[in-house]
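Trainee: Got a structure for you, my_file.tsv, holding TSV, N, CA and C atoms.
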```tsv
chain	number	residue	atom	x	y	z
A	9	MET	N	-10.97	36.68	44.33
A	9	MET	CA	-11.54	37.20	43.12
A	9	MET	C	-11.05	36.35	41.94
A	10	ALA	N	-11.93	35.97	41.08
A	10	ALA	CA	-11.59	35.13	39.93
A	10	ALA	C	-11.17	35.98	38.75
A	11	ASP	N	-10.19	35.47	38.03
A	11	ASP	CA	-9.78	36.15	36.80
A	11	ASP	C	-10.84	35.89	35.73
A	12	THR	N	-11.15	36.90	34.99
A	12	THR	CA	-12.11	36.74	33.90
A	12	THR	C	-11.48	37.20	32.60
A	13	GLN	N	-11.97	36.66	31.53
A	13	GLN	CA	-11.43	37.02	30.22
A	13	GLN	C	-12.61	37.15	29.27
A	14	GLN	N	-12.61	38.23	28.51
A	14	GLN	CA	-13.67	38.44	27.53
A	14	GLN	C	-13.32	37.64	26.28
A	15	VAL	N	-14.29	36.93	25.77
A	15	VAL	CA	-14.08	36.12	24.59
A	15	VAL	C	-14.81	36.74	23.42
A	16	ASP	N	-14.09	36.97	22.33
A	16	ASP	CA	-14.70	37.50	21.12
A	16	ASP	C	-15.19	36.31	20.31
A	17	GLU	N	-16.48	36.08	20.32
A	17	GLU	CA	-17.05	34.90	19.67
A	17	GLU	C	-16.91	34.93	18.16
A	18	GLY	N	-16.80	36.08	17.55
A	18	GLY	CA	-16.70	36.18	16.10
A	18	GLY	C	-15.31	35.90	15.56
A	19	ALA	N	-14.27	36.03	16.38
A	19	ALA	CA	-12.89	35.88	15.89
A	19	ALA	C	-12.59	34.45	15.46
A	20	GLY	N	-12.98	33.49	16.24
A	20	GLY	CA	-12.70	32.10	15.90
A	20	GLY	C	-13.61	31.56	14.82
A	21	THR	N	-14.76	32.18	14.64
A	21	THR	CA	-15.74	31.68	13.68
A	21	THR	C	-15.22	31.73	12.25
A	22	LYS	N	-14.58	32.83	11.86
A	22	LYS	CA	-14.05	32.94	10.50
A	22	LYS	C	-12.96	31.91	10.26
A	23	GLN	N	-12.07	31.76	11.23
A	23	GLN	CA	-10.98	30.78	11.10
A	23	GLN	C	-11.54	29.36	11.04
A	24	ASP	N	-12.52	29.08	11.89
A	24	ASP	CA	-13.13	27.76	11.89
A	24	ASP	C	-13.82	27.48	10.56
A	25	ALA	N	-14.50	28.48	10.02
A	25	ALA	CA	-15.19	28.31	8.74
A	25	ALA	C	-14.19	28.05	7.61
A	26	LYS	N	-13.06	28.74	7.65
A	26	LYS	CA	-12.02	28.54	6.63
A	26	LYS	C	-11.46	27.12	6.72
A	27	GLN	N	-11.18	26.67	7.92
A	27	GLN	CA	-10.65	25.32	8.11
A	27	GLN	C	-11.66	24.27	7.69
A	28	ALA	N	-12.93	24.49	7.99
A	28	ALA	CA	-13.97	23.55	7.61
A	28	ALA	C	-14.11	23.49	6.09
A	29	ALA	N	-14.03	24.64	5.44
A	29	ALA	CA	-14.13	24.67	3.97
A	29	ALA	C	-12.93	23.97	3.34
A	30	LYS	N	-11.75	24.17	3.91
A	30	LYS	CA	-10.55	23.51	3.39
A	30	LYS	C	-10.67	21.99	3.55
A	31	ALA	N	-11.14	21.55	4.71
A	31	ALA	CA	-11.32	20.12	4.97
A	31	ALA	C	-12.35	19.53	4.00
A	32	GLU	N	-13.41	20.27	3.74
A	32	GLU	CA	-14.46	19.82	2.81
A	32	GLU	C	-13.89	19.66	1.40
A	33	ARG	N	-13.07	20.62	0.96
A	33	ARG	CA	-12.46	20.54	-0.37
A	33	ARG	C	-11.51	19.34	-0.46
A	34	HIS	N	-10.75	19.12	0.59
A	34	HIS	CA	-9.81	18.00	0.60
A	34	HIS	C	-10.57	16.67	0.56
A	35	ALA	N	-11.63	16.57	1.33
A	35	ALA	CA	-12.45	15.35	1.34
A	35	ALA	C	-13.08	15.12	-0.03
A	36	ALA	N	-13.55	16.18	-0.68
A	36	ALA	CA	-14.16	16.06	-2.00
A	36	ALA	C	-13.14	15.58	-3.03
A	37	LYS	N	-11.91	16.10	-2.94
A	37	LYS	CA	-10.85	15.69	-3.86
A	37	LYS	C	-10.51	14.20	-3.66
A	38	LEU	N	-10.37	13.79	-2.41
A	38	LEU	CA	-10.09	12.38	-2.12
A	38	LEU	C	-11.24	11.49	-2.57
A	39	ALA	N	-12.48	11.92	-2.36
A	39	ALA	CA	-13.65	11.13	-2.77
A	39	ALA	C	-13.65	10.95	-4.28
A	40	LYS	N	-13.27	11.98	-5.00
A	40	LYS	CA	-13.19	11.89	-6.46
A	40	LYS	C	-12.13	10.86	-6.88
A	41	GLN	N	-10.99	10.87	-6.20
A	41	GLN	CA	-9.93	9.91	-6.50
A	41	GLN	C	-10.37	8.49	-6.17
A	42	ILE	N	-11.05	8.33	-5.05
A	42	ILE	CA	-11.55	7.01	-4.65
A	42	ILE	C	-12.57	6.50	-5.68
A	43	SER	N	-13.48	7.36	-6.09
A	43	SER	CA	-14.49	6.98	-7.07
A	43	SER	C	-13.85	6.61	-8.41
A	44	SER	N	-12.83	7.35	-8.79
A	44	SER	CA	-12.11	7.07	-10.03
A	44	SER	C	-11.43	5.69	-9.96
A	45	PHE	N	-10.82	5.39	-8.82
A	45	PHE	CA	-10.19	4.09	-8.62
A	45	PHE	C	-11.25	2.99	-8.71
A	46	ALA	N	-12.37	3.19	-8.03
A	46	ALA	CA	-13.44	2.19	-8.02
A	46	ALA	C	-13.96	1.96	-9.44
A	47	GLN	N	-14.12	3.00	-10.21
A	47	GLN	CA	-14.61	2.87	-11.58
A	47	GLN	C	-13.61	2.10	-12.44
A	48	ALA	N	-12.33	2.36	-12.26
A	48	ALA	CA	-11.29	1.70	-13.05
A	48	ALA	C	-11.11	0.22	-12.69
A	49	HIS	N	-11.55	-0.16	-11.49
A	49	HIS	CA	-11.31	-1.53	-11.02
A	49	HIS	C	-12.60	-2.31	-10.78
A	50	GLY	N	-13.70	-1.88	-11.38
A	50	GLY	CA	-14.96	-2.62	-11.26
A	50	GLY	C	-15.57	-2.57	-9.89
A	51	GLY	N	-15.31	-1.52	-9.15
A	51	GLY	CA	-15.78	-1.38	-7.78
A	51	GLY	C	-14.61	-1.44	-6.83
A	52	ALA	N	-14.83	-1.02	-5.60
A	52	ALA	CA	-13.75	-1.03	-4.62
A	52	ALA	C	-14.29	-1.08	-3.21
A	53	GLU	N	-13.43	-1.53	-2.33
A	53	GLU	CA	-13.69	-1.51	-0.90
A	53	GLU	C	-12.48	-0.86	-0.26
A	54	GLY	N	-12.63	-0.39	0.97
A	54	GLY	CA	-11.51	0.29	1.60
A	54	GLY	C	-11.42	0.06	3.10
A	55	GLN	N	-10.31	0.54	3.63
A	55	GLN	CA	-10.06	0.50	5.07
A	55	GLN	C	-9.28	1.74	5.43
A	56	ILE	N	-9.64	2.38	6.52
A	56	ILE	CA	-8.96	3.59	6.97
A	56	ILE	C	-8.10	3.23	8.18
A	57	ALA	N	-6.83	3.65	8.13
A	57	ALA	CA	-5.92	3.38	9.24
A	57	ALA	C	-5.27	4.69	9.69
A	58	TYR	N	-5.29	4.95	10.97
A	58	TYR	CA	-4.65	6.13	11.55
A	58	TYR	C	-3.14	5.95	11.46
A	59	ILE	N	-2.42	6.94	10.94
A	59	ILE	CA	-0.97	6.83	10.80
A	59	ILE	C	-0.23	7.93	11.57
A	60	GLY	N	-0.82	8.41	12.63
A	60	GLY	CA	-0.16	9.40	13.47
A	60	GLY	C	-0.33	10.81	12.96
A	61	GLN	N	0.69	11.64	13.16
A	61	GLN	CA	0.61	13.04	12.78
A	61	GLN	C	0.40	13.23	11.29
A	62	LYS	N	0.78	12.26	10.49
A	62	LYS	CA	0.59	12.36	9.04
A	62	LYS	C	-0.87	12.25	8.64
A	63	GLY	N	-1.72	11.74	9.52
A	63	GLY	CA	-3.14	11.65	9.22
A	63	GLY	C	-3.66	10.24	9.19
A	64	ALA	N	-4.30	9.88	8.07
A	64	ALA	CA	-4.91	8.56	7.94
A	64	ALA	C	-4.68	8.03	6.53
A	65	ARG	N	-4.47	6.74	6.44
A	65	ARG	CA	-4.24	6.07	5.16
A	65	ARG	C	-5.53	5.37	4.76
A	66	ILE	N	-5.96	5.61	3.53
A	66	ILE	CA	-7.12	4.94	2.98
A	66	ILE	C	-6.60	3.88	2.01
A	67	VAL	N	-6.74	2.61	2.39
A	67	VAL	CA	-6.31	1.51	1.53
A	67	VAL	C	-7.50	1.09	0.69
A	68	LEU	N	-7.30	1.02	-0.62
A	68	LEU	CA	-8.36	0.66	-1.55
A	68	LEU	C	-8.04	-0.67	-2.22
A	69	VAL	N	-9.03	-1.53	-2.34
A	69	VAL	CA	-8.88	-2.80	-3.04
A	69	VAL	C	-10.02	-2.89	-4.05
A	70	GLY	N	-9.64	-3.00	-5.33
A	70	GLY	CA	-10.63	-3.10	-6.40
A	70	GLY	C	-11.19	-4.50	-6.51
A	71	GLU	N	-12.32	-4.62	-7.17
A	71	GLU	CA	-12.94	-5.93	-7.39
A	71	GLU	C	-12.05	-6.84	-8.24
A	72	ASP	N	-11.16	-6.22	-9.05
A	72	ASP	CA	-10.25	-7.01	-9.87
A	72	ASP	C	-8.95	-7.37	-9.15
A	73	GLY	N	-8.84	-7.01	-7.88
A	73	GLY	CA	-7.65	-7.32	-7.10
A	73	GLY	C	-6.62	-6.21	-7.10
A	74	GLY	N	-6.80	-5.19	-7.94
A	74	GLY	CA	-5.88	-4.06	-7.93
A	74	GLY	C	-6.00	-3.30	-6.62
A	75	TRP	N	-4.94	-2.70	-6.20
A	75	TRP	CA	-4.99	-1.99	-4.92
A	75	TRP	C	-4.15	-0.73	-4.97
A	76	GLY	N	-4.42	0.16	-4.04
A	76	GLY	CA	-3.70	1.41	-3.93
A	76	GLY	C	-4.06	2.06	-2.62
A	77	ASP	N	-3.47	3.21	-2.37
A	77	ASP	CA	-3.81	3.91	-1.14
A	77	ASP	C	-3.70	5.42	-1.33
A	78	LEU	N	-4.35	6.12	-0.44
A	78	LEU	CA	-4.33	7.58	-0.40
A	78	LEU	C	-4.09	7.98	1.05
A	79	VAL	N	-3.53	9.17	1.24
A	79	VAL	CA	-3.32	9.66	2.60
A	79	VAL	C	-4.13	10.95	2.78
A	80	ALA	N	-4.90	10.98	3.85
A	80	ALA	CA	-5.69	12.16	4.22
A	80	ALA	C	-5.01	12.83	5.40
A	81	PRO	N	-5.11	14.15	5.51
A	81	PRO	CA	-4.44	14.84	6.61
A	81	PRO	C	-5.00	14.52	8.00
A	82	THR	N	-6.26	14.10	8.06
A	82	THR	CA	-6.85	13.70	9.34
A	82	THR	C	-7.75	12.48	9.12
A	83	PHE	N	-8.01	11.78	10.20
A	83	PHE	CA	-8.90	10.62	10.14
A	83	PHE	C	-10.30	11.06	9.76
A	84	ALA	N	-10.75	12.20	10.28
A	84	ALA	CA	-12.09	12.70	10.00
A	84	ALA	C	-12.27	13.00	8.51
A	85	ILE	N	-11.26	13.58	7.89
A	85	ILE	CA	-11.33	13.86	6.45
A	85	ILE	C	-11.36	12.55	5.66
A	86	ALA	N	-10.58	11.58	6.09
A	86	ALA	CA	-10.58	10.27	5.43
A	86	ALA	C	-11.98	9.64	5.51
A	87	GLU	N	-12.59	9.68	6.68
A	87	GLU	CA	-13.94	9.12	6.85
A	87	GLU	C	-14.94	9.85	5.96
A	88	GLN	N	-14.83	11.16	5.90
A	88	GLN	CA	-15.73	11.96	5.09
A	88	GLN	C	-15.57	11.61	3.60
A	89	ALA	N	-14.33	11.46	3.15
A	89	ALA	CA	-14.06	11.13	1.75
A	89	ALA	C	-14.62	9.77	1.38
A	90	VAL	N	-14.40	8.80	2.24
A	90	VAL	CA	-14.90	7.44	1.98
A	90	VAL	C	-16.42	7.43	1.94
A	91	LYS	N	-17.03	8.17	2.85
A	91	LYS	CA	-18.49	8.25	2.90
A	91	LYS	C	-19.03	8.88	1.61
A	92	LYS	N	-18.39	9.95	1.15
A	92	LYS	CA	-18.83	10.62	-0.09
A	92	LYS	C	-18.67	9.72	-1.30
A	93	SER	N	-17.63	8.90	-1.31
A	93	SER	CA	-17.38	8.04	-2.47
A	93	SER	C	-18.35	6.87	-2.54
A	94	GLY	N	-18.91	6.48	-1.41
A	94	GLY	CA	-19.90	5.41	-1.37
A	94	GLY	C	-19.34	4.00	-1.36
A	95	ILE	N	-18.04	3.84	-1.13
A	95	ILE	CA	-17.48	2.48	-1.10
A	95	ILE	C	-17.73	1.83	0.25
A	96	THR	N	-17.66	0.52	0.28
A	96	THR	CA	-17.77	-0.24	1.51
A	96	THR	C	-16.45	-0.15	2.26
A	97	THR	N	-16.51	0.04	3.57
A	97	THR	CA	-15.28	0.08	4.36
A	97	THR	C	-15.26	-1.07	5.36
A	98	HIS	N	-14.04	-1.45	5.71
A	98	HIS	CA	-13.81	-2.52	6.68
A	98	HIS	C	-13.06	-1.96	7.88
A	99	GLU	N	-13.32	-2.53	9.04
A	99	GLU	CA	-12.62	-2.11	10.26
A	99	GLU	C	-11.15	-2.53	10.22
A	100	ASP	N	-10.88	-3.72	9.70
A	100	ASP	CA	-9.53	-4.27	9.69
A	100	ASP	C	-9.17	-4.73	8.28
A	101	PHE	N	-7.87	-4.82	8.04
A	101	PHE	CA	-7.39	-5.31	6.75
A	101	PHE	C	-6.98	-6.76	6.93
A	102	ASP	N	-7.97	-7.63	7.00
A	102	ASP	CA	-7.69	-9.06	7.19
A	102	ASP	C	-8.81	-9.89	6.59
A	103	GLY	N	-8.65	-11.18	6.64
A	103	GLY	CA	-9.69	-12.10	6.19
A	103	GLY	C	-10.00	-11.99	4.70
A	104	GLU	N	-11.29	-12.05	4.38
A	104	GLU	CA	-11.72	-12.02	2.99
A	104	GLU	C	-11.29	-10.75	2.28
A	105	PHE	N	-11.29	-9.65	2.99
A	105	PHE	CA	-10.89	-8.38	2.38
A	105	PHE	C	-9.43	-8.42	1.93
A	106	ALA	N	-8.55	-8.87	2.77
A	106	ALA	CA	-7.12	-8.96	2.42
A	106	ALA	C	-6.88	-9.96	1.31
A	107	ASN	N	-7.67	-11.02	1.26
A	107	ASN	CA	-7.51	-12.04	0.23
A	107	ASN	C	-7.87	-11.54	-1.17
A	108	LYS	N	-8.56	-10.42	-1.27
A	108	LYS	CA	-8.93	-9.87	-2.58
A	108	LYS	C	-7.75	-9.21	-3.28
A	109	VAL	N	-6.70	-8.87	-2.55
A	109	VAL	CA	-5.54	-8.19	-3.12
A	109	VAL	C	-4.75	-9.15	-4.01
A	110	LYS	N	-4.47	-8.72	-5.21
A	110	LYS	CA	-3.65	-9.50	-6.13
A	110	LYS	C	-2.27	-8.84	-6.21
A	111	THR	N	-1.24	-9.61	-5.96
A	111	THR	CA	0.12	-9.09	-6.06
A	111	THR	C	0.81	-9.75	-7.24
A	112	GLY	N	1.75	-9.03	-7.80
A	112	GLY	CA	2.48	-9.54	-8.95
A	112	GLY	C	3.97	-9.59	-8.67
A	113	PRO	N	4.77	-9.83	-9.70
A	113	PRO	CA	6.22	-9.92	-9.53
A	113	PRO	C	6.84	-8.66	-8.94
A	114	TYR	N	6.31	-7.51	-9.32
A	114	TYR	CA	6.86	-6.26	-8.79
A	114	TYR	C	6.77	-6.22	-7.27
A	115	GLU	N	5.59	-6.52	-6.74
A	115	GLU	CA	5.40	-6.47	-5.29
A	115	GLU	C	6.29	-7.50	-4.58
A	116	TRP	N	6.39	-8.71	-5.16
A	116	TRP	CA	7.20	-9.75	-4.53
A	116	TRP	C	8.67	-9.37	-4.48
A	117	THR	N	9.18	-8.79	-5.55
A	117	THR	CA	10.60	-8.42	-5.53
A	117	THR	C	10.83	-7.20	-4.65
A	118	ARG	N	9.88	-6.29	-4.59
A	118	ARG	CA	10.04	-5.11	-3.73
A	118	ARG	C	9.88	-5.47	-2.25
A	119	MET	N	8.89	-6.27	-1.93
A	119	MET	CA	8.61	-6.56	-0.52
A	119	MET	C	9.47	-7.69	0.03
A	120	ALA	N	9.71	-8.71	-0.75
A	120	ALA	CA	10.47	-9.86	-0.26
A	120	ALA	C	11.83	-9.97	-0.91
A	121	GLY	N	11.91	-9.66	-2.17
A	121	GLY	CA	13.15	-9.82	-2.91
A	121	GLY	C	14.31	-9.02	-2.37
A	122	ILE	N	14.04	-7.81	-1.95
A	122	ILE	CA	15.11	-6.95	-1.42
A	122	ILE	C	15.71	-7.58	-0.16
A	123	GLN	N	14.87	-8.06	0.74
A	123	GLN	CA	15.37	-8.66	1.98
A	123	GLN	C	16.16	-9.94	1.71
A	124	LEU	N	15.81	-10.62	0.63
A	124	LEU	CA	16.45	-11.88	0.31
A	124	LEU	C	17.60	-11.72	-0.69
A	125	GLY	N	17.92	-10.49	-1.03
A	125	GLY	CA	19.00	-10.25	-1.97
A	125	GLY	C	18.56	-10.33	-3.42
A	126	GLY	N	17.25	-10.28	-3.66
A	126	GLY	CA	16.73	-10.33	-5.03
A	126	GLY	C	16.86	-8.99	-5.72
A	127	PRO	N	16.36	-8.89	-6.95
A	127	PRO	CA	16.45	-7.64	-7.69
A	127	PRO	C	15.64	-6.53	-7.03
A	128	SER	N	16.12	-5.32	-7.18
A	128	SER	CA	15.44	-4.20	-6.52
A	128	SER	C	14.38	-3.55	-7.39
A	129	ASN	N	14.26	-3.95	-8.66
A	129	ASN	CA	13.26	-3.40	-9.57
A	129	ASN	C	13.37	-1.90	-9.75
A	130	THR	N	14.54	-1.37	-9.72
A	130	THR	CA	14.67	0.07	-9.93
A	130	THR	C	15.22	0.39	-11.27
```
Represent the structure of the file as structure tokens.

Mentor:
Amino acid sequence: MADTQQVDEGAGTKQDAKQAAKAERHAAKLAKQISSFAQAHGGAEGQIAYIGQKGARIVLVGEDGGWGDLVAPTFAIAEQAVKKSGITTHEDFDGEFANKVKTGPYEWTRMAGIQLGGPSNT
């Protein structure tokens, strides 16, 4: 004889709807931030990278070489946010896309200077 279990189809529906609404709000907030970045930098392109349990990182590069990033709780929310914002996305952060990034003295001293005994910029 097989064990059977009655499933209440309505119980999960409310919880699922709440989670979907929360994800939609988060994606909308991220899309607004992405659009704001793009407007401030003459346009933008992006790349989404999975970062494990923390979610996904959206790297943004402006047309003026300015760059920044945002973190979404899931890869799906990151994809939804980027789609809503309308920016171009890249599969990888290399080649022509990576060459658009402009770095200044701050980045050089933080990324390389610390390892070489340079100033910490703090």

Trainee: Need the neighbours of (-5.1, -0.1, 3.8): which residues are at most 8 Å away, counting all atoms listed in the file, as a ChimeraX atom specification?

Mentor: /A:54-57,65-69,76-78,100-101

Trainee: Which residue is closest to Ser43 of chain A? Choose from A:Ala86, A:Val109, A:Ala25, A:Ile95 and count all atoms listed in the file.

Mentor: A:Ile95

Trainee: Rounded to one decimal, what separation in Å do you get between atom CA of Ala48 of chain A and atom CA of Val90 of chain A?

Mentor: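 Between these atoms lies a distance of 16.5 Å.
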
Trainee: If you measure from atom C of Thr82 of chain A to atom CA of Thr21 of chain A, what distance in Å do you get, rounded to one decimal?

Mentor: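 According to the coordinates, atom C of Thr82 of chain A and atom CA of Thr21 of chain A are separated by 21.3 Å.
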
Trainee: Would you mind listing what lies within 8 Å of Gly73 of chain A as a tab-separated table (two decimals) with N, CA and C atoms, in the coordinates of the input, with all atoms listed in the file counted and same-chain residues fewer than 5 positions away left out?

Mentor:
```
chain	number	residue	atom	x	y	z
A	49	HIS	N	-11.55	-0.16	-11.49
A	49	HIS	CA	-11.31	-1.53	-11.02
A	49	HIS	C	-12.60	-2.31	-10.78
A	50	GLY	N	-13.70	-1.88	-11.38
A	50	GLY	CA	-14.96	-2.62	-11.26
A	50	GLY	C	-15.57	-2.57	-9.89
A	68	LEU	N	-7.30	1.02	-0.62
A	68	LEU	CA	-8.36	0.66	-1.55
A	68	LEU	C	-8.04	-0.67	-2.22
A	107	ASN	N	-7.67	-11.02	1.26
A	107	ASN	CA	-7.51	-12.04	0.23
A	107	ASN	C	-7.87	-11.54	-1.17
A	108	LYS	N	-8.56	-10.42	-1.27
A	108	LYS	CA	-8.93	-9.87	-2.58
A	108	LYS	C	-7.75	-9.21	-3.28
A	109	VAL	N	-6.70	-8.87	-2.55
A	109	VAL	CA	-5.54	-8.19	-3.12
A	109	VAL	C	-4.75	-9.15	-4.01
A	110	LYS	N	-4.47	-8.72	-5.21
A	110	LYS	CA	-3.65	-9.50	-6.13
A	110	LYS	C	-2.27	-8.84	-6.21
A	111	THR	N	-1.24	-9.61	-5.96
A	111	THR	CA	0.12	-9.09	-6.06
A	111	THR	C	0.81	-9.75	-7.24
```

Trainee: Run DSSP on the backbone of this structure and report the residues of segment 14-113 of chain A it assigns to strand (DSSP E), as a list in words.

Mentor: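 After running DSSP on the backbone, segment 14-113 of chain A has strand (DSSP E) at Ala52, Glu53, Gly54, Gln55, Ile56, Ala57, Tyr58, Ala64, Arg65, Ile66, Val67, Leu68, Val69, Gly70, Trp75, Gly76, Asp77, Leu78, Val79, Ala80, Thr96, Thr97 and His98 of chain A.
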
Trainee: Between atom CA of Lys62 of chain A and atom CA of Leu38 of chain A, what is the distance, to one decimal in Å?

Mentor: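 So the two atoms, atom CA of Lys62 of chain A and atom CA of Leu38 of chain A, lie 15.4 Å apart.
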
Trainee: Quick check for you: according to DSSP on this backbone, which residues of segment 34-84 of chain A are classed as helix (DSSP H, G or I)? Reply as a list in words.

Mentor: His34, Ala35, Ala36, Lys37, Leu38, Ala39, Lys40, Gln41, Ile42, Ser43, Ser44, Phe45, Ala46, Gln47, Ala48, Gly60, Gln61, Lys62, Phe83 and Ala84 of chain A

Trainee: Neighbours of Ala39 of chain A within 6.5 Å (only N, CA and C atoms; same-chain residues fewer than 4 positions away dropped), as a ChimeraX atom specification?

Mentor: /A:34-35,43-44,89-90,92-93

Trainee: May I ask which of the residues A:Ala64, A:Gln47, A:Phe105, A:Lys30 is the closest one to Ala84 of chain A, counting only N, CA and C atoms?

Mentor: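 Of the candidates, the smallest distance to Ala84 of chain A is held by A:Ala64.
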
Trainee: Find the spatial neighbours of Gly63 of chain A, counting only C-alpha atoms, within a cut-off of 8 Å - ignore same-chain residues fewer than 2 positions away - and output them as a VMD selection string.

Mentor: chain A and resid 58 to 61 65 79 to 83

Trainee: Convert the current residue selection to file output with N, CA and C atoms, as a JSON list (two decimals), in the coordinates of the input.

Mentor:
```
[["chain", "number", "residue", "atom", "x", "y", "z"],
["A", 58, "TYR", "N", -5.29, 4.95, 10.97],
["A", 58, "TYR", "CA", -4.65, 6.13, 11.55],
["A", 58, "TYR", "C", -3.14, 5.95, 11.46],
["A", 59, "ILE", "N", -2.42, 6.94, 10.94],
["A", 59, "ILE", "CA", -0.97, 6.83, 10.80],
["A", 59, "ILE", "C", -0.23, 7.93, 11.57],
["A", 60, "GLY", "N", -0.82, 8.41, 12.63],
["A", 60, "GLY", "CA", -0.16, 9.40, 13.47],
["A", 60, "GLY", "C", -0.33, 10.81, 12.96],
["A", 61, "GLN", "N", 0.69, 11.64, 13.16],
["A", 61, "GLN", "CA", 0.61, 13.04, 12.78],
["A", 61, "GLN", "C", 0.40, 13.23, 11.29],
["A", 65, "ARG", "N", -4.47, 6.74, 6.44],
["A", 65, "ARG", "CA", -4.24, 6.07, 5.16],
["A", 65, "ARG", "C", -5.53, 5.37, 4.76],
["A", 79, "VAL", "N", -3.53, 9.17, 1.24],
["A", 79, "VAL", "CA", -3.32, 9.66, 2.60],
["A", 79, "VAL", "C", -4.13, 10.95, 2.78],
["A", 80, "ALA", "N", -4.90, 10.98, 3.85],
["A", 80, "ALA", "CA", -5.69, 12.16, 4.22],
["A", 80, "ALA", "C", -5.01, 12.83, 5.40],
["A", 81, "PRO", "N", -5.11, 14.15, 5.51],
["A", 81, "PRO", "CA", -4.44, 14.84, 6.61],
["A", 81, "PRO", "C", -5.00, 14.52, 8.00],
["A", 82, "THR", "N", -6.26, 14.10, 8.06],
["A", 82, "THR", "CA", -6.85, 13.70, 9.34],
["A", 82, "THR", "C", -7.75, 12.48, 9.12],
["A", 83, "PHE", "N", -8.01, 11.78, 10.20],
["A", 83, "PHE", "CA", -8.90, 10.62, 10.14],
["A", 83, "PHE", "C", -10.30, 11.06, 9.76]]
```

Trainee: Take the point (-16.8, -1.7, -5.1) in the file's coordinates, draw a sphere of radius 8 Å around it, and report as an NGL selection string every protein, DNA or RNA residue with an atom inside or on it, counting only C-alpha atoms.

Mentor: :A and (46 or 50-53 or 70-71 or 95-96)

Trainee: Box time for segment 63-80 of chain A: axis-aligned, enclosing all its listed atoms, 6 Å extra on each side; report centre and edge lengths in Å to one decimal, as JSON.

Mentor:
```
{"center_x": -7.3, "center_y": 2.7, "center_z": -0.2, "size_x": 23.2, "size_y": 32.2, "size_z": 31.4}
```
